[in-house]
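Undergrad: My structure is in start20.txt, and what it holds is compact mmCIF, C-alpha atoms:
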# COMPACT_ATOMS: atom_id res chain seq x y z
CA MET S 77 24.88 -5.40 19.45
CA ASN S 78 25.14 -1.95 17.92
CA GLU S 79 21.56 -0.80 17.35
CA HIS S 80 22.51 0.55 13.94
CA VAL S 81 23.79 -2.83 12.75
CA ARG S 82 20.76 -4.91 11.77
CA PRO S 83 21.29 -8.67 11.38
CA TYR S 84 20.52 -10.03 7.93
CA VAL S 85 17.02 -11.44 7.45
CA ASN S 86 16.39 -13.44 4.28
CA ALA S 87 13.54 -12.64 1.93
CA TRP S 88 11.42 -15.66 2.84
CA ASP S 89 11.54 -14.70 6.50
CA ARG S 90 10.34 -11.23 5.53
CA VAL S 91 7.43 -12.84 3.66
CA ALA S 92 6.55 -14.85 6.77
CA ARG S 93 6.63 -11.73 8.93
CA ALA S 94 4.49 -9.77 6.46
CA ARG S 95 1.92 -12.57 6.61
CA HIS S 96 2.11 -13.15 10.36
CA PRO S 97 -1.43 -13.65 11.73
CA ASN S 98 -0.82 -11.08 14.47
CA ARG S 99 0.57 -8.43 12.14
CA PRO S 100 -1.35 -5.15 12.53
CA LYS S 101 -3.85 -4.31 9.83
CA ALA S 102 -5.10 -1.00 8.48
CA ILE S 103 -7.84 -0.96 11.10
CA ASP S 104 -5.12 -1.07 13.77
CA PHE S 105 -3.11 1.76 12.22
CA LEU S 106 -6.00 4.07 11.35
CA PRO S 107 -6.84 5.25 14.89
CA ARG S 108 -3.13 5.77 15.56
CA LEU S 109 -2.63 7.89 12.45
CA ILE S 110 -5.95 9.60 11.81
CA ASP S 111 -8.29 11.56 14.07
CA GLY S 112 -12.04 11.84 13.50
CA PHE S 113 -12.12 9.31 10.66
CA ILE S 114 -15.44 9.19 8.78
CA GLU S 115 -15.94 6.19 6.50
CA ILE S 116 -17.46 6.71 3.05
CA LYS S 117 -18.93 3.74 1.20
CA GLY S 118 -19.96 2.84 -2.31
CA ASP S 119 -18.80 3.48 -5.87
CA ARG S 120 -22.14 4.91 -7.12
CA VAL S 121 -22.15 2.22 -9.82
CA PHE S 122 -22.48 -1.24 -8.27
CA GLY S 123 -22.07 -1.14 -4.50
CA ASP S 124 -19.56 -1.05 -1.67
CA ASP S 125 -16.38 -3.07 -1.35
CA PRO S 126 -15.41 -3.84 2.27
CA ALA S 127 -11.89 -4.71 1.08
CA LEU S 128 -11.28 -0.95 0.91
CA LEU S 129 -11.80 1.14 4.05
CA ALA S 130 -12.07 4.67 2.70
CA GLY S 131 -12.97 8.05 4.11
CA ILE S 132 -11.78 11.39 5.42
CA GLY S 133 -10.26 12.48 8.71
CA TYR S 134 -7.56 14.64 10.23
CA PHE S 135 -3.84 14.00 10.12
CA GLN S 136 -1.95 16.21 12.56
CA GLY S 137 -4.93 18.56 12.60
CA LYS S 138 -5.35 18.88 8.82
CA PRO S 139 -7.97 17.18 6.58
CA ILE S 140 -6.82 14.14 4.62
CA THR S 141 -8.40 11.44 2.49
CA VAL S 142 -7.54 7.85 3.46
CA LEU S 143 -7.77 4.78 1.22
CA ALA S 144 -6.91 1.68 3.26
CA GLN S 145 -6.85 -1.86 1.95
CA ASN S 146 -8.65 -3.79 4.62
CA LYS S 147 -7.57 -7.28 5.71
CA GLY S 148 -9.33 -8.85 8.68
CA ARG S 149 -7.84 -9.82 12.03
CA ASN S 150 -9.67 -13.14 12.20
CA ALA S 151 -11.46 -15.61 9.93
CA ASP S 152 -14.82 -13.84 10.11
CA GLU S 153 -13.35 -10.40 9.36
CA ASN S 154 -11.30 -11.86 6.51
CA ARG S 155 -14.40 -13.36 4.91
CA LYS S 156 -16.21 -10.04 5.15
CA SER S 157 -13.28 -8.08 3.71
CA ASN S 158 -12.37 -10.75 1.13
CA PHE S 159 -8.86 -10.96 2.62
CA GLY S 160 -8.13 -7.43 1.39
CA MET S 161 -8.61 -8.42 -2.27
CA MET S 162 -10.54 -5.61 -3.89
CA HIS S 163 -13.29 -5.91 -6.51
CA PRO S 164 -13.79 -3.30 -9.27
CA GLU S 165 -16.20 -1.35 -7.07
CA GLY S 166 -13.37 -0.94 -4.55
CA TYR S 167 -11.15 0.72 -7.13
CA ARG S 168 -14.04 2.85 -8.35
CA LYS S 169 -14.69 3.89 -4.74
CA ALA S 170 -11.02 4.83 -4.44
CA MET S 171 -11.26 6.96 -7.58
CA ARG S 172 -14.43 8.66 -6.33
CA LEU S 173 -12.75 9.69 -3.09
CA ALA S 174 -9.53 10.65 -4.87
CA MET S 175 -11.39 13.05 -7.16
CA GLN S 176 -13.20 14.46 -4.14
CA ALA S 177 -9.82 14.98 -2.44
CA GLN S 178 -8.59 16.87 -5.48
CA LYS S 179 -11.72 19.04 -5.53
CA PHE S 180 -11.19 20.09 -1.91
CA ASN S 181 -7.38 20.14 -2.12
CA ARG S 182 -6.88 17.36 0.45
CA PRO S 183 -3.77 15.14 0.38
CA ILE S 184 -4.30 11.40 0.04
CA LEU S 185 -2.86 8.63 2.22
CA THR S 186 -3.13 5.06 0.96
CA LEU S 187 -2.48 2.05 3.21
CA ILE S 188 -1.38 -0.95 1.16
CA ASP S 189 -2.09 -4.46 2.41
CA THR S 190 -3.31 -6.99 -0.15
CA PRO S 191 -2.14 -10.19 -1.81
CA GLY S 192 -3.64 -8.78 -5.02
CA ALA S 193 -6.89 -7.74 -6.66
CA TYR S 194 -9.67 -10.34 -6.52
CA PRO S 195 -9.20 -12.67 -9.53
CA GLY S 196 -12.67 -14.30 -9.56
CA PRO S 197 -15.15 -14.32 -12.47
CA GLN S 198 -17.48 -11.82 -10.75
CA ALA S 199 -14.70 -9.25 -10.64
CA GLU S 200 -13.85 -9.85 -14.29
CA GLN S 201 -17.50 -9.52 -15.27
CA ARG S 202 -17.67 -6.15 -13.50
CA GLY S 203 -14.54 -4.81 -15.22
CA GLN S 204 -11.61 -5.51 -12.90
CA ALA S 205 -8.85 -4.81 -15.40
CA THR S 206 -10.46 -1.57 -16.57
CA ALA S 207 -11.04 -0.35 -13.01
CA ILE S 208 -7.37 -0.93 -12.11
CA ALA S 209 -6.16 0.74 -15.31
CA GLN S 210 -8.38 3.77 -14.71
CA CYS S 211 -7.11 3.98 -11.14
CA LEU S 212 -3.50 4.01 -12.35
CA GLN S 213 -4.32 6.70 -14.88
CA LEU S 214 -6.14 8.90 -12.38
CA PHE S 215 -3.54 8.68 -9.62
CA SER S 216 -0.76 9.57 -12.04
CA SER S 217 -2.41 12.92 -12.72
CA LEU S 218 -4.02 13.92 -9.40
CA ARG S 219 -3.09 17.45 -8.42
CA VAL S 220 -2.72 16.79 -4.67
CA PRO S 221 0.07 15.06 -2.70
CA ILE S 222 -0.24 11.27 -2.44
CA ILE S 223 1.57 9.17 0.17
CA ALA S 224 1.49 5.36 0.05
CA LEU S 225 2.35 3.29 3.13
CA VAL S 226 2.88 -0.46 2.63
CA LEU S 227 1.88 -2.23 5.84
CA SER S 228 2.36 -5.91 4.98
CA GLU S 229 1.77 -7.40 1.54
CA GLY S 230 1.75 -5.31 -1.61
CA GLY S 231 0.73 -7.76 -4.29
CA SER S 232 0.45 -7.22 -8.04
CA GLY S 233 -1.74 -4.61 -9.73
CA GLY S 234 -4.10 -4.78 -6.79
CA ALA S 235 -1.51 -2.89 -4.75
CA LEU S 236 -0.04 -0.83 -7.59
CA ALA S 237 -3.41 0.75 -8.32
CA LEU S 238 -3.18 2.66 -5.01
CA SER S 239 0.60 3.10 -5.05
CA VAL S 240 1.09 5.66 -7.81
CA ALA S 241 2.22 8.14 -5.19
CA ASP S 242 4.68 10.95 -4.64
CA ALA S 243 6.31 8.95 -1.86
CA ILE S 244 6.16 5.22 -1.12
CA ILE S 245 6.95 4.19 2.46
CA MET S 246 7.34 0.57 3.56
CA LEU S 247 7.44 -1.02 6.96
CA GLU S 248 10.66 -2.98 7.37
CA ASN S 249 8.98 -6.39 7.28
CA SER S 250 6.54 -5.64 4.49
CA ILE S 251 6.86 -6.96 0.93
CA TYR S 252 5.90 -5.55 -2.47
CA SER S 253 6.02 -7.46 -5.73
CA VAL S 254 4.42 -8.01 -9.12
CA LEU S 255 3.27 -11.44 -7.89
CA SER S 256 3.65 -13.76 -4.93
CA PRO S 257 6.72 -15.98 -4.49
CA GLU S 258 4.42 -19.00 -4.79
CA GLY S 259 3.04 -17.68 -8.08
CA PHE S 260 6.52 -16.96 -9.40
CA ALA S 261 7.72 -20.47 -8.48
CA SER S 262 4.70 -22.19 -10.01
CA ILE S 263 5.10 -20.27 -13.28
CA LEU S 264 8.88 -20.51 -13.64
CA TRP S 265 9.58 -23.95 -12.19
CA LYS S 266 6.10 -25.52 -11.97
CA ASP S 267 6.96 -26.09 -8.33
CA GLU S 268 5.39 -23.95 -5.62
CA SER S 269 7.73 -25.42 -3.00
CA LYS S 270 10.50 -23.27 -4.48
CA ALA S 271 8.79 -20.12 -3.22
CA PRO S 272 11.66 -19.32 -0.77
CA LEU S 273 14.10 -19.23 -3.70
CA ALA S 274 11.66 -17.13 -5.71
CA ALA S 275 11.41 -14.63 -2.85
CA GLU S 276 15.15 -14.00 -3.06
CA ILE S 277 15.12 -13.64 -6.85
CA ILE S 278 12.22 -11.22 -7.27
CA LYS S 279 13.59 -8.66 -4.77
CA LEU S 280 10.38 -8.01 -2.87
CA THR S 281 11.69 -6.78 0.49
CA ALA S 282 11.67 -3.17 1.60
CA ALA S 283 15.48 -3.11 1.58
CA ASP S 284 15.60 -4.45 -2.00
CA LEU S 285 13.09 -1.91 -3.24
CA PHE S 286 14.78 0.97 -1.45
CA GLU S 287 18.09 0.02 -3.08
CA GLN S 288 16.38 0.08 -6.48
CA GLY S 289 14.94 3.53 -5.85
CA ILE S 290 11.32 2.34 -5.90
CA VAL S 291 10.70 2.97 -2.21
CA ASP S 292 11.51 6.31 -0.60
CA GLU S 293 11.63 5.37 3.09
CA ILE S 294 11.67 2.31 5.36
CA ILE S 295 10.06 2.36 8.80
CA GLU S 296 12.13 0.26 11.20
CA GLU S 297 10.39 -2.46 13.21
CA THR S 298 11.46 -4.84 15.93
CA LEU S 299 13.13 -7.98 14.62
CA ILE S 300 9.95 -9.97 15.26
CA GLY S 301 7.56 -7.50 13.67
CA SER S 302 5.40 -4.40 14.12
CA HIS S 303 2.84 -6.26 16.26
CA MET S 304 5.42 -6.25 19.05
CA ASP S 305 5.63 -2.45 19.21
CA LEU S 306 2.73 -1.02 17.21
CA ASP S 307 2.54 2.36 18.93
CA LYS S 308 6.24 3.06 18.30
CA VAL S 309 5.98 2.00 14.65
CA ALA S 310 2.82 4.08 14.13
CA ASP S 311 4.49 7.12 15.69
CA GLN S 312 7.42 6.81 13.30
CA CYS S 313 4.96 6.46 10.42
CA LYS S 314 3.30 9.72 11.46
CA LYS S 315 6.60 11.57 11.54
CA THR S 316 7.63 10.23 8.15
CA ILE S 317 4.28 10.95 6.51
CA GLN S 318 4.33 14.48 7.91
CA SER S 319 7.82 15.13 6.55
CA TYR S 320 6.72 14.16 3.04
CA LEU S 321 3.47 16.11 3.26
CA ASP S 322 5.49 19.18 4.24
CA LYS S 323 7.82 18.62 1.29
CA PHE S 324 5.10 18.13 -1.32
CA SER S 325 2.81 20.84 0.02
CA ALA S 326 5.61 23.34 -0.57
CA MET S 327 5.68 22.44 -4.28
CA THR S 328 3.58 24.05 -6.98
CA THR S 329 1.13 21.76 -8.75
CA ASP S 330 3.36 21.59 -11.80
CA GLU S 331 6.38 20.71 -9.65
CA LEU S 332 4.41 18.00 -7.86
CA LEU S 333 3.25 16.38 -11.09
CA GLU S 334 6.72 16.54 -12.58
CA HIS S 335 8.19 14.96 -9.45
CA ARG S 336 5.67 12.10 -9.65
CA TYR S 337 6.31 11.61 -13.35
CA GLN S 338 10.08 11.47 -12.91
CA LYS S 339 9.79 9.11 -9.93
CA PHE S 340 8.04 6.45 -11.97
CA ARG S 341 9.80 7.23 -15.25
CA GLN S 342 13.14 6.38 -13.68
CA ILE S 343 12.09 3.00 -12.25
CA GLY S 344 13.89 0.22 -14.08
CA THR S 345 16.43 2.44 -15.82
CA ILE S 346 19.98 1.13 -16.09
CA GLU S 347 22.89 3.55 -16.09
Let's see the structure in the file written out as structure tokens.
TA:
Amino acid sequence: MNEHVRPYVNAWDRVARARHPNRPKAIDFLPRLIDGFIEIKGDRVFGDDPALLAGIGYFQGKPITVLAQNKGRNADENRKSNFGMMHPEGYRKAMRLAMQAQKFNRPILTLIDTPGAYPGPQAEQRGQATAIAQCLQLFSSLRVPIIALVLSEGGSGGALALSVADAIIMLENSIYSVLSPEGFASILWKDESKAPLAAEIIKLTAADLFEQGIVDEIIEETLIGSHMDLDKVADQCKKTIQSYLDKFSAMTTDELLEHRYQKFRQIGTIE
């Protein structure tokens, strides 16, 4: 088979691969992308959110701020990290570090991997909707380059809050959508078993989103998934991230903000 001719994989299979129990998480990618990572905790309002692994480190020898949605690799880790579903304090922590990055002129790398923001009553009581909205507002106006890398699932506003970026990169078997296929099927047809059909309709694969101009780059994986060749996938991620950092670092602040504005302004336009 010609290596440049990729066999078709349907959307539901992509969903399964994105959710594969062995799929690498942010904690697997971090040491392969970032040197000298120092975690920073807390939002200075309520507490810390382990669903967001945040801190500073070095990317290719230069300082960078990292905001990584943190799923666990087993049941115990998932309970501790709430399956990567962030509470309001997680988004406030992200904003705190983002403003610090702007102060010290550090670029920001976000690693996206969440089924969505935590929907429980405690999160609502602590201002979940407001925290996400403020995060969207802040990231749209930050005066430093922002790169978002979607590792597996990018679900709803919980993912979007950290994806207002100058470049959005997706792994080949990752997904990104306003809601899950199961949620779409239960709302539209009152039948969650139609999730495979919903996955095709809502265009959540990396290829779909690249075609629509929402995603800037796709990192190729093996047909089975990134867990089969993590080092190779991580190396390609590093090269791609570096290319975009070089591009955006060469821009003036006004050019960077205009680029970001136009990127999101054009999403959904029909010619």
Undergrad: Between S:Arg172, S:Ile188, S:Phe122, S:Ile263, which residue has the minimum interatomic distance to Gln201 (chain S), considering only C-alpha atoms?
TA: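 Between S:Arg172, S:Ile188, S:Phe122, S:Ile263, the residue approaching Gln201 (chain S) most closely is S:Phe122.
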Undergrad: One decimal, Å: what's the distance from CA of Gly131 (chain S) over to CA of Ile114 (chain S), could you say?
TA: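 Between CA of Gly131 (chain S) and CA of Ile114 (chain S) the gap is 5.4 Å.
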Undergrad: Could you check the closest approach to Arg93 (chain S) for each of S:Ser256, S:Ser250, S:Thr345, S:Gln288 and tell me which residue wins, using all atoms listed in the file?
TA: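 When distances to Arg93 (chain S) are compared using all atoms listed in the file, the smallest one comes from S:Ser250.
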Undergrad: Do you know which residues are at most 12 Å from Leu187 (chain S) counting all atoms listed in the file, after dropping those on the same chain fewer than 5 positions away, and could you put them as a PyMOL selection string?
TA: chain S and resi 100-106+109-110+127-130+141-147+160+170+222-230+235-239+241+244-247+250+313+317
Undergrad: So, counting all atoms listed in the file, which residue among S:Gly118, S:Gly166, S:Gly289, S:Gly233 is closest to Gly192 (chain S)?
TA: S:Gly233
Undergrad: Have a look at CA of Asn249 (chain S) and CA of Trp88 (chain S) and let me know their distance in Å, one decimal.
TA: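 Separation between CA of Asn249 (chain S) and CA of Trp88 (chain S): 10.6 Å.
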Undergrad: Excluding Asp307 (chain S) and residues on its chain fewer than 4 positions from it, collect all residues at most 9 Å away from it, counting only C-alpha atoms, and give them as a short mmCIF file (atom, residue, chain, number, x, y, z; two decimals) with C-alpha atoms, in the frame of the given file.
TA:
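Contents of the output file selection18.cif:
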data_model
loop_
_atom_site.label_atom_id
_atom_site.label_comp_id
_atom_site.auth_asym_id
_atom_site.auth_seq_id
_atom_site.Cartn_x
_atom_site.Cartn_y
_atom_site.Cartn_z
CA PHE S 105 -3.11 1.76 12.22
CA ARG S 108 -3.13 5.77 15.56
CA SER S 302 5.40 -4.40 14.12
CA ASP S 311 4.49 7.12 15.69
CA GLN S 312 7.42 6.81 13.30
#
Undergrad: Edge lengths and centre in Å to one decimal, as lines of an AutoDock Vina configuration file, of the axis-aligned box that encloses all listed atoms of region 148-161 of chain S with 8 Å added on every side?
TA:
center_x = -12.0
center_y = -11.5
center_z = 5.0
size_x = 24.4
size_y = 24.2
size_z = 30.5
Undergrad: Quick one: residues within 7 Å of Val240 (chain S), all atoms listed in the file counted, chain neighbours fewer than 6 positions away excluded, as a ChimeraX atom specification?
TA: /S:212,215-216
Undergrad: If we count all atoms listed in the file, what is near Met327 (chain S) at a cut-off of 12 Å, once residues fewer than 6 positions away on the same chain are taken out, given as a PyMOL selection string?
TA: chain S and resi 219-221+242+320-321+333-336
Undergrad: Which of these, S:Lys270, S:Arg99, S:Lys117, S:His163, has the shortest distance to Gly148 (chain S) once you count all atoms listed in the file?
TA: S:Arg99
Undergrad: Report the distance between CA of Gly231 (chain S) and CA of Arg182 (chain S) in Å, rounded to one decimal place.
TA: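 Rounded to one decimal, the two atoms are 26.7 Å apart.
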Undergrad: Using all atoms listed in the file, which protein or nucleic acid residues come within 9 Å of Ala207 (chain S)? Drop anything in the same chain fewer than 3 positions from it, and give the result as an MDAnalysis selection string.
TA: chainID S and resid 163:168 202:204 210:212
Undergrad: Counting all atoms listed in the file, which residue out of S:Ala193, S:Val291, S:Leu185, S:Val85 sits closest to Ile132 (chain S)?
TA: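 Using all atoms listed in the file, Ile132 (chain S) sits closest to S:Leu185.
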